[in-house]
file data.pdb (PDB, C-alpha atoms, pLDDT in the B column)
ATOM      1  CA  MET A   1      20.515  15.985   2.186  1.00 45.00           C
ATOM      2  CA  ILE A   2      17.502  15.413  -0.073  1.00 52.00           C
ATOM      3  CA  ASP A   3      14.218  17.030   0.976  1.00 62.00           C
ATOM      4  CA  PRO A   4      11.871  14.114   1.826  1.00 69.00           C
ATOM      5  CA  VAL A   5       8.852  15.971   0.391  1.00 72.00           C
ATOM      6  CA  CYS A   6       8.690  15.789  -3.427  1.00 72.00           C
ATOM      7  CA  PRO A   7       6.359  18.480  -4.840  1.00 72.00           C
ATOM      8  CA  VAL A   8       4.167  17.395  -7.782  1.00 75.00           C
ATOM      9  CA  VAL A   9       1.785  19.502  -9.917  1.00 73.00           C
ATOM     10  CA  PRO A  10      -1.562  17.669 -10.320  1.00 69.00           C
ATOM     11  CA  VAL A  11      -3.550  17.546 -13.564  1.00 66.00           C
ATOM     12  CA  ARG A  12      -6.823  18.208 -11.709  1.00 67.00           C
ATOM     13  CA  LYS A  13      -7.817  20.092  -8.531  1.00 69.00           C
ATOM     14  CA  VAL A  14      -6.776  17.705  -5.794  1.00 67.00           C
ATOM     15  CA  HIS A  15      -4.673  17.672  -2.650  1.00 70.00           C
ATOM     16  CA  ALA A  16      -3.062  14.271  -2.039  1.00 72.00           C
ATOM     17  CA  LEU A  17      -0.314  12.883   0.129  1.00 75.00           C
ATOM     18  CA  THR A  18       1.463   9.627  -0.702  1.00 78.00           C
ATOM     19  CA  ILE A  19       4.002   8.046   1.626  1.00 76.00           C
ATOM     20  CA  SER A  20       5.855   5.046   0.180  1.00 77.00           C
ATOM     21  CA  TRP A  21       8.477   2.638   1.450  1.00 72.00           C
ATOM     22  CA  ALA A  22      10.669   0.096  -0.289  1.00 71.00           C
ATOM     23  CA  VAL A  23      10.532  -3.020   1.899  1.00 66.00           C
ATOM     24  CA  PRO A  24      11.983  -6.478   1.382  1.00 65.00           C
ATOM     25  CA  PRO A  25      10.198  -8.456  -1.364  1.00 63.00           C
ATOM     26  CA  GLN A  26       6.793  -9.759  -0.323  1.00 51.00           C
ATOM     27  CA  GLY A  27       5.815 -12.468  -2.819  1.00 47.00           C
ATOM     28  CA  LYS A  28       2.825 -12.648  -1.359  1.00 48.00           C
ATOM     29  CA  GLN A  29      -7.309   9.889  12.530  1.00 44.00           C
ATOM     30  CA  TYR A  30      -9.981  11.039  11.353  1.00 48.00           C
ATOM     31  CA  ARG A  31     -10.289  14.889  11.822  1.00 62.00           C
ATOM     32  CA  CYS A  32     -12.100  15.870   8.632  1.00 72.00           C
ATOM     33  CA  TRP A  33      -8.692  16.229   7.055  1.00 84.00           C
ATOM     34  CA  ALA A  34      -9.080  13.371   4.582  1.00 82.00           C
ATOM     35  CA  LEU A  35     -11.568  12.435   1.885  1.00 79.00           C
ATOM     36  CA  ALA A  36     -10.041   9.069   1.024  1.00 82.00           C
ATOM     37  CA  LEU A  37      -7.316   6.743   2.239  1.00 85.00           C
ATOM     38  CA  PHE A  38      -5.779   3.880   0.294  1.00 85.00           C
ATOM     39  CA  GLY A  39      -2.954   1.632   1.354  1.00 82.00           C
ATOM     40  CA  GLY A  40      -1.110  -1.356   0.030  1.00 77.00           C
ATOM     41  CA  ASN A  41       0.728  -2.538  -3.025  1.00 73.00           C
ATOM     42  CA  SER A  42      -0.535  -2.389  -6.607  1.00 69.00           C
ATOM     43  CA  GLU A  43       1.270  -5.667  -7.373  1.00 64.00           C
ATOM     44  CA  THR A  44       2.552  -4.266 -10.655  1.00 64.00           C
ATOM     45  CA  GLY A  45       6.095  -4.860 -11.878  1.00 63.00           C
ATOM     46  CA  PHE A  46       7.156  -1.513 -10.400  1.00 68.00           C
ATOM     47  CA  ASP A  47       5.578  -2.021  -6.978  1.00 70.00           C
ATOM     48  CA  GLN A  48       6.400  -5.713  -6.628  1.00 69.00           C
ATOM     49  CA  ASN A  49       9.442  -7.474  -8.017  1.00 71.00           C
ATOM     50  CA  THR A  50      12.333  -9.645  -6.884  1.00 74.00           C
ATOM     51  CA  THR A  51      14.377  -6.629  -5.722  1.00 76.00           C
ATOM     52  CA  TYR A  52      11.827  -4.856  -3.516  1.00 75.00           C
ATOM     53  CA  SER A  53       8.143  -4.263  -2.837  1.00 77.00           C
ATOM     54  CA  ILE A  54       6.558  -0.828  -2.488  1.00 78.00           C
ATOM     55  CA  PHE A  55       4.019  -0.304   0.266  1.00 79.00           C
ATOM     56  CA  SER A  56       2.144   2.994  -0.126  1.00 83.00           C
ATOM     57  CA  ILE A  57      -0.422   4.938   1.821  1.00 86.00           C
ATOM     58  CA  SER A  58      -2.278   7.586  -0.224  1.00 88.00           C
ATOM     59  CA  ILE A  59      -4.540  10.139   1.415  1.00 88.00           C
ATOM     60  CA  THR A  60      -6.781  12.561  -0.484  1.00 87.00           C
ATOM     61  CA  LEU A  61      -6.789  15.622   1.742  1.00 87.00           C
ATOM     62  CA  THR A  62      -9.391  18.293   2.362  1.00 83.00           C
ATOM     63  CA  ASP A  63      -8.174  21.903   2.259  1.00 84.00           C
ATOM     64  CA  GLN A  64      -7.897  21.754   6.060  1.00 86.00           C
ATOM     65  CA  GLY A  65      -6.016  18.457   5.789  1.00 87.00           C
ATOM     66  CA  TYR A  66      -3.608  20.049   3.340  1.00 88.00           C
ATOM     67  CA  GLN A  67      -3.000  22.897   5.804  1.00 89.00           C
ATOM     68  CA  ASN A  68      -2.185  20.265   8.454  1.00 90.00           C
ATOM     69  CA  PHE A  69      -0.383  17.682   6.317  1.00 86.00           C
ATOM     70  CA  TYR A  70       2.559  17.385   8.743  1.00 89.00           C
ATOM     71  CA  GLN A  71       0.078  16.379  11.462  1.00 91.00           C
ATOM     72  CA  VAL A  72      -1.539  13.906   9.018  1.00 89.00           C
ATOM     73  CA  VAL A  73       1.889  12.332   8.431  1.00 87.00           C
ATOM     74  CA  HIS A  74       2.416  12.191  12.206  1.00 88.00           C
ATOM     75  CA  LEU A  75      -0.949  10.434  12.667  1.00 89.00           C
ATOM     76  CA  VAL A  76      -0.074   7.872   9.982  1.00 87.00           C
ATOM     77  CA  PHE A  77       3.158   7.017  11.805  1.00 86.00           C
ATOM     78  CA  GLN A  78       1.356   6.854  15.156  1.00 88.00           C
ATOM     79  CA  TYR A  79      -1.076   4.348  13.635  1.00 86.00           C
ATOM     80  CA  LEU A  80       1.781   2.279  12.201  1.00 83.00           C
ATOM     81  CA  LYS A  81       3.406   2.181  15.657  1.00 84.00           C
ATOM     82  CA  MET A  82       0.088   0.962  17.110  1.00 85.00           C
ATOM     83  CA  LEU A  83      -0.110  -1.773  14.461  1.00 81.00           C
ATOM     84  CA  GLN A  84       3.440  -2.761  15.293  1.00 78.00           C
ATOM     85  CA  ALA A  85       2.559  -3.089  18.990  1.00 81.00           C
ATOM     86  CA  VAL A  86      -0.700  -5.018  18.425  1.00 81.00           C
ATOM     87  CA  GLY A  87       0.588  -7.308  15.688  1.00 78.00           C
ATOM     88  CA  PRO A  88      -1.307  -9.003  12.852  1.00 78.00           C
ATOM     89  CA  GLN A  89      -4.967  -9.819  13.499  1.00 83.00           C
ATOM     90  CA  GLN A  90      -6.318 -13.041  12.002  1.00 88.00           C
ATOM     91  CA  ARG A  91      -9.923 -11.771  12.062  1.00 89.00           C
ATOM     92  CA  ILE A  92      -9.038  -8.791   9.866  1.00 86.00           C
ATOM     93  CA  TYR A  93      -6.987 -10.982   7.523  1.00 85.00           C
ATOM     94  CA  GLU A  94      -9.928 -13.369   7.097  1.00 90.00           C
ATOM     95  CA  GLU A  95     -12.335 -10.500   6.350  1.00 90.00           C
ATOM     96  CA  ILE A  96     -10.053  -9.193   3.608  1.00 85.00           C
ATOM     97  CA  GLN A  97      -9.514 -12.748   2.354  1.00 89.00           C
ATOM     98  CA  LYS A  98     -13.291 -13.171   1.885  1.00 91.00           C
ATOM     99  CA  ILE A  99     -13.592  -9.850   0.069  1.00 89.00           C
ATOM    100  CA  GLU A 100     -10.720 -10.776  -2.277  1.00 87.00           C
ATOM    101  CA  ALA A 101     -12.273 -14.197  -2.965  1.00 90.00           C
ATOM    102  CA  ASN A 102     -15.620 -12.597  -3.869  1.00 89.00           C
ATOM    103  CA  GLU A 103     -13.923 -10.075  -6.145  1.00 87.00           C
ATOM    104  CA  PHE A 104     -12.014 -12.919  -7.833  1.00 86.00           C
ATOM    105  CA  HIS A 105     -15.040 -15.152  -8.350  1.00 86.00           C
ATOM    106  CA  TYR A 106     -17.311 -12.363  -9.622  1.00 86.00           C
ATOM    107  CA  GLN A 107     -14.825 -10.320 -11.649  1.00 84.00           C
ATOM    108  CA  GLU A 108     -15.656  -9.092 -15.119  1.00 84.00           C
ATOM    109  CA  GLN A 109     -14.084 -10.865 -18.046  1.00 84.00           C
ATOM    110  CA  THR A 110     -10.821  -9.173 -18.975  1.00 83.00           C
ATOM    111  CA  ASP A 111      -9.403  -8.474 -22.391  1.00 88.00           C
ATOM    112  CA  PRO A 112      -7.425 -11.561 -23.541  1.00 90.00           C
ATOM    113  CA  ILE A 113      -4.178  -9.617 -24.038  1.00 91.00           C
ATOM    114  CA  GLU A 114      -4.434  -8.174 -20.498  1.00 88.00           C
ATOM    115  CA  PHE A 115      -5.137 -11.673 -19.167  1.00 87.00           C
ATOM    116  CA  VAL A 116      -2.004 -13.050 -20.856  1.00 90.00           C
ATOM    117  CA  GLU A 117       0.078 -10.088 -19.668  1.00 87.00           C
ATOM    118  CA  ASN A 118      -1.107 -10.666 -16.092  1.00 85.00           C
ATOM    119  CA  ILE A 119      -0.218 -14.364 -16.245  1.00 88.00           C
ATOM    120  CA  CYS A 120       3.244 -13.512 -17.632  1.00 89.00           C
ATOM    121  CA  GLU A 121       3.845 -11.138 -14.716  1.00 82.00           C
ATOM    122  CA  ASN A 122       2.600 -13.772 -12.272  1.00 83.00           C
ATOM    123  CA  MET A 123       5.000 -16.321 -13.758  1.00 87.00           C
ATOM    124  CA  GLN A 124       7.847 -14.138 -12.472  1.00 81.00           C
ATOM    125  CA  LEU A 125       6.455 -13.996  -8.935  1.00 77.00           C
ATOM    126  CA  PHE A 126       4.525 -17.171  -8.106  1.00 83.00           C
ATOM    127  CA  PRO A 127       4.833 -20.962  -8.401  1.00 88.00           C
ATOM    128  CA  LYS A 128       2.932 -22.410 -11.387  1.00 90.00           C
ATOM    129  CA  GLU A 129      -0.059 -23.561  -9.324  1.00 90.00           C
ATOM    130  CA  ASP A 130      -0.684 -19.881  -8.441  1.00 88.00           C
ATOM    131  CA  PHE A 131      -0.213 -18.267 -11.888  1.00 87.00           C
ATOM    132  CA  LEU A 132      -3.963 -17.550 -12.169  1.00 85.00           C
ATOM    133  CA  THR A 133      -4.725 -16.649  -8.561  1.00 86.00           C
ATOM    134  CA  GLY A 134      -1.493 -15.579  -6.856  1.00 81.00           C
ATOM    135  CA  ASP A 135      -1.983 -11.859  -7.327  1.00 77.00           C
ATOM    136  CA  GLN A 136      -5.696 -11.891  -6.471  1.00 81.00           C
ATOM    137  CA  LEU A 137      -6.341 -14.344  -3.640  1.00 81.00           C
ATOM    138  CA  MET A 138      -5.047 -14.474  -0.104  1.00 82.00           C
ATOM    139  CA  PHE A 139      -4.223 -17.940   1.133  1.00 82.00           C
ATOM    140  CA  GLU A 140      -3.026 -18.809   4.651  1.00 83.00           C
ATOM    141  CA  PHE A 141      -2.784 -16.373   7.550  1.00 84.00           C
ATOM    142  CA  ASP A 142       0.849 -16.156   8.614  1.00 80.00           C
ATOM    143  CA  PRO A 143       1.541 -13.509  11.277  1.00 76.00           C
ATOM    144  CA  GLN A 144       5.262 -14.208  10.954  1.00 73.00           C
ATOM    145  CA  VAL A 145       5.299 -12.591   7.508  1.00 66.00           C
ATOM    146  CA  THR A 146       5.004  -9.163   9.148  1.00 56.00           C
ATOM    147  CA  ARG A 147       7.076 -10.139  12.169  1.00 55.00           C
ATOM    148  CA  THR A 148      10.173 -11.836  10.752  1.00 47.00           C
ATOM    149  CA  ARG A 149      10.231 -11.675   6.936  1.00 44.00           C
ATOM    150  CA  THR A 150      13.886 -11.511   5.815  1.00 40.00           C
ATOM    151  CA  ARG A 151      15.041 -11.018   9.412  1.00 37.00           C
ATOM    152  CA  THR A 152      13.339  -7.621   9.614  1.00 43.00           C
ATOM    153  CA  ARG A 153       9.773  -6.796  10.527  1.00 57.00           C
ATOM    154  CA  ILE A 154       7.926  -5.005   7.748  1.00 61.00           C
ATOM    155  CA  LEU A 155       6.575  -2.378  10.128  1.00 65.00           C
ATOM    156  CA  ASP A 156      10.132  -1.729  11.309  1.00 66.00           C
ATOM    157  CA  TRP A 157      11.022  -0.837   7.727  1.00 63.00           C
ATOM    158  CA  THR A 158       8.199   1.695   7.566  1.00 67.00           C
ATOM    159  CA  LEU A 159       8.979   3.240  10.950  1.00 64.00           C
ATOM    160  CA  ILE A 160      12.795   3.167  11.068  1.00 60.00           C
ATOM    161  CA  ARG A 161      13.749   3.840   7.471  1.00 62.00           C
ATOM    162  CA  GLY A 162      11.077   6.449   6.787  1.00 64.00           C
ATOM    163  CA  GLY A 163       9.349   6.821   3.470  1.00 72.00           C
ATOM    164  CA  VAL A 164       9.240   9.074   0.465  1.00 71.00           C
ATOM    165  CA  GLU A 165       6.514  11.642   1.044  1.00 73.00           C
ATOM    166  CA  VAL A 166       4.900  13.095  -2.086  1.00 75.00           C
ATOM    167  CA  LEU A 167       2.644  16.114  -1.601  1.00 74.00           C
ATOM    168  CA  ILE A 168       0.459  17.043  -4.578  1.00 75.00           C
ATOM    169  CA  ARG A 169      -1.054  20.532  -4.687  1.00 72.00           C
ATOM    170  CA  LEU A 170      -2.115  23.053  -7.319  1.00 69.00           C
ATOM    171  CA  GLU A 171       0.028  25.816  -5.827  1.00 70.00           C
ATOM    172  CA  TYR A 172       3.198  24.021  -7.049  1.00 61.00           C
ATOM    173  CA  LYS A 173       2.206  24.900 -10.630  1.00 64.00           C
ATOM    174  CA  GLY A 174       4.845  27.187 -12.060  1.00 59.00           C
ATOM    175  CA  ASP A 175       7.402  26.595  -9.277  1.00 55.00           C
TER     176      ASP A 175
END

call {"tool": "encode", "arguments": {"input": "data.pdb", "output": "structure tokens"}}
result
Amino acid sequence: MIDPVCPVVPVRKVHALTISWAVPPQGKQYRCWALALFGGNSETGFDQNTTYSIFSISITLTDQGYQNFYQVVHLVFQYLKMLQAVGPQQRIYEEIQKIEANEFHYQEQTDPIEFVENICENMQLFPKEDFLTGDQLMFEFDPQVTRTRTRTRILDWTLIRGGVEVLIRLEYKGD
């Protein structure tokens, strides 16, 4: 059996924990243990394609958080179970939708080659009317996306199938 924790040597002094899941394609505790928490999908060709989507949660840990990283993982899964029980919240979706719209409308001008590359990637994922906006804007709230997408709830994938846990720490250097 493969050890679910993959040790990685960082290039700078940092403790980080990343838990990732491959889920069906998706076209569209705080205890002073963490300094930062990020979750989601980068919407790059690796994280989002026609075969699978990657959903990741990355936590930058304090030294105490690193010492308790198994408990941090446990808390993440407890939170996911709570989300599964509560279900999608339209209010939260609409808040994020507004933030994404503001970021889209007030974004800095990108380099033309990056703009073309982004459109080419979007052409593989979205209908033509969404080539320019599909990876940046959120459209209609659909709670069924997390409940029944491809006959399996997304949260079920994260809770039942487990994820790949990557623990980054300086002490792995030389191992």

call {"tool": "closest_residue", "arguments": {"input": "data.pdb", "among": "A:Val72, A:Leu17, A:Met123, A:Ala34", "to": "Ile57 of chain A", "atoms": "only C-alpha atoms"}}
result
A:Leu17

call {"tool": "atom_distance", "arguments": {"input": "data.pdb", "atom1": "atom CA of Glu94 of chain A", "atom2": "atom CA of Glu140 of chain A"}}
result
9.1 Å

call {"tool": "atom_distance", "arguments": {"input": "data.pdb", "atom1": "atom CA of Gln124 of chain A", "atom2": "atom CA of Asp111 of chain A"}}
result
20.7 Å

call {"tool": "residues_around", "arguments": {"input": "data.pdb", "residues": "Ser56 of chain A", "least_positions_apart": "3", "cutoff": "6 Å", "atoms": "all atoms listed in the file", "output": "ChimeraX atom specification"}}
result
/A:19-20,39-40

call {"tool": "residues_around", "arguments": {"input": "data.pdb", "residues": "segment 61-70 of chain A", "least_positions_apart": "4", "cutoff": "8 Å", "atoms": "only C-alpha atoms", "output": "count of residues only"}}
result
10

call {"tool": "atom_distance", "arguments": {"input": "data.pdb", "atom1": "atom CA of Gln136 of chain A", "atom2": "atom CA of Glu121 of chain A"}}
result
12.6 Å

call {"tool": "resolve_selection", "arguments": {"input": "data.pdb", "expression": "the PyMOL selection byres ((chain A and resi 8) around 6)", "output": "MDAnalysis selection string"}}
result
chainID A and resid 7 9 168

call {"tool": "resolve_selection", "arguments": {"input": "data.pdb", "expression": "the PyMOL selection byres ((chain A and resi 138) around 6)", "output": "count of residues only"}}
result
3

call {"tool": "resolve_selection", "arguments": {"input": "data.pdb", "expression": "the PyMOL selection byres ((chain A and resi 88) around 6)", "output": "VMD selection string"}}
result
chain A and resid 87 89 143

call {"tool": "closest_residue", "arguments": {"input": "data.pdb", "among": "A:Asn41, A:Thr51, A:Thr110, A:Asn118", "to": "Thr133 of chain A", "atoms": "all atoms listed in the file"}}
result
A:Asn118

call {"tool": "axis_aligned_box", "arguments": {"input": "data.pdb", "around": "segment 51-54 of chain A", "padding_each_side": "4 Å", "output": "JSON"}}
result
{"center_x": 10.5, "center_y": -3.7, "center_z": -4.1, "size_x": 15.8, "size_y": 13.8, "size_z": 11.2}

call {"tool": "closest_residue", "arguments": {"input": "data.pdb", "among": "A:Leu132, A:Asp47, A:Phe141, A:Pro127", "to": "Glu95 of chain A", "atoms": "only C-alpha atoms"}}
result
A:Phe141

call {"tool": "build_atoms", "arguments": {"input": "data.pdb", "residues": "segment 84-95 of chain A", "atoms": "all heavy atoms", "output": "CSV table (one decimal), in the coordinates of the input"}}
result
chain,number,residue,atom,x,y,z
A,84,GLN,N,2.2,-2.0,14.9
A,84,GLN,CA,3.4,-2.8,15.3
A,84,GLN,C,3.3,-3.4,16.7
A,84,GLN,O,3.7,-4.5,16.9
A,84,GLN,CB,4.6,-1.8,15.2
A,84,GLN,CG,6.0,-2.5,15.5
A,84,GLN,CD,7.1,-1.5,15.4
A,84,GLN,OE1,7.0,-0.4,15.9
A,84,GLN,NE2,8.2,-1.9,14.8
A,85,ALA,N,2.7,-2.6,17.6
A,85,ALA,CA,2.6,-3.1,19.0
A,85,ALA,C,1.5,-4.2,19.1
A,85,ALA,O,1.7,-5.2,19.8
A,85,ALA,CB,2.2,-1.9,19.9
A,86,VAL,N,0.4,-4.1,18.4
A,86,VAL,CA,-0.7,-5.0,18.4
A,86,VAL,C,-0.4,-6.3,17.7
A,86,VAL,O,-0.8,-7.4,18.1
A,86,VAL,CB,-2.0,-4.4,17.9
A,86,VAL,CG1,-3.1,-5.4,17.7
A,86,VAL,CG2,-2.4,-3.2,18.8
A,87,GLY,N,0.3,-6.1,16.5
A,87,GLY,CA,0.6,-7.3,15.7
A,87,GLY,C,-0.5,-7.7,14.7
A,87,GLY,O,-1.6,-7.1,14.8
A,88,PRO,N,-0.3,-8.6,13.8
A,88,PRO,CA,-1.3,-9.0,12.9
A,88,PRO,C,-2.5,-9.6,13.5
A,88,PRO,O,-2.4,-10.4,14.5
A,88,PRO,CB,-0.6,-10.0,12.0
A,88,PRO,CG,0.8,-10.0,12.4
A,88,PRO,CD,0.9,-9.3,13.7
A,89,GLN,N,-3.7,-9.3,13.0
A,89,GLN,CA,-5.0,-9.8,13.5
A,89,GLN,C,-5.6,-10.8,12.5
A,89,GLN,O,-5.9,-10.4,11.4
A,89,GLN,CB,-5.9,-8.7,13.8
A,89,GLN,CG,-5.4,-7.6,14.7
A,89,GLN,CD,-5.2,-8.2,16.1
A,89,GLN,OE1,-6.2,-8.7,16.7
A,89,GLN,NE2,-4.0,-8.2,16.6
A,90,GLN,N,-5.8,-12.0,12.9
A,90,GLN,CA,-6.3,-13.0,12.0
A,90,GLN,C,-7.7,-12.7,11.5
A,90,GLN,O,-8.1,-12.9,10.4
A,90,GLN,CB,-6.3,-14.4,12.7
A,90,GLN,CG,-6.8,-15.5,11.7
A,90,GLN,CD,-6.4,-16.9,12.2
A,90,GLN,OE1,-5.8,-17.1,13.2
A,90,GLN,NE2,-6.9,-17.9,11.5
A,91,ARG,N,-8.6,-12.1,12.4
A,91,ARG,CA,-9.9,-11.8,12.1
A,91,ARG,C,-9.9,-10.8,10.9
A,91,ARG,O,-10.7,-10.9,9.9
A,91,ARG,CB,-10.6,-11.2,13.3
A,91,ARG,CG,-12.0,-10.6,13.0
A,91,ARG,CD,-12.6,-9.8,14.2
A,91,ARG,NE,-11.8,-8.7,14.5
A,91,ARG,CZ,-11.9,-7.5,13.9
A,91,ARG,NH1,-12.7,-7.3,12.9
A,91,ARG,NH2,-11.1,-6.5,14.3
A,92,ILE,N,-9.1,-9.8,10.9
A,92,ILE,CA,-9.0,-8.8,9.9
A,92,ILE,C,-8.5,-9.4,8.6
A,92,ILE,O,-9.1,-9.2,7.5
A,92,ILE,CB,-8.2,-7.6,10.3
A,92,ILE,CG1,-8.8,-6.9,11.4
A,92,ILE,CG2,-7.9,-6.7,9.1
A,92,ILE,CD1,-8.0,-5.8,12.1
A,93,TYR,N,-7.5,-10.3,8.7
A,93,TYR,CA,-7.0,-11.0,7.5
A,93,TYR,C,-8.1,-11.8,6.9
A,93,TYR,O,-8.3,-11.7,5.6
A,93,TYR,CB,-5.8,-11.9,7.9
A,93,TYR,CG,-5.2,-12.7,6.8
A,93,TYR,CD1,-4.2,-12.2,6.1
A,93,TYR,CD2,-5.8,-13.9,6.4
A,93,TYR,CE1,-3.6,-12.8,5.0
A,93,TYR,CE2,-5.2,-14.6,5.3
A,93,TYR,CZ,-4.2,-14.1,4.6
A,93,TYR,OH,-3.6,-14.7,3.6
A,94,GLU,N,-8.9,-12.5,7.7
A,94,GLU,CA,-9.9,-13.4,7.1
A,94,GLU,C,-11.0,-12.6,6.4
A,94,GLU,O,-11.6,-13.0,5.4
A,94,GLU,CB,-10.5,-14.3,8.2
A,94,GLU,CG,-9.5,-15.4,8.5
A,94,GLU,CD,-9.9,-16.2,9.8
A,94,GLU,OE1,-10.9,-15.9,10.4
A,94,GLU,OE2,-9.1,-17.2,10.0
A,95,GLU,N,-11.3,-11.4,7.0
A,95,GLU,CA,-12.3,-10.5,6.4
A,95,GLU,C,-11.9,-10.1,5.0
A,95,GLU,O,-12.6,-10.1,4.0
A,95,GLU,CB,-12.6,-9.3,7.2
A,95,GLU,CG,-13.4,-9.6,8.5
A,95,GLU,CD,-13.6,-8.3,9.3
A,95,GLU,OE1,-13.4,-7.2,8.8
A,95,GLU,OE2,-14.0,-8.5,10.5
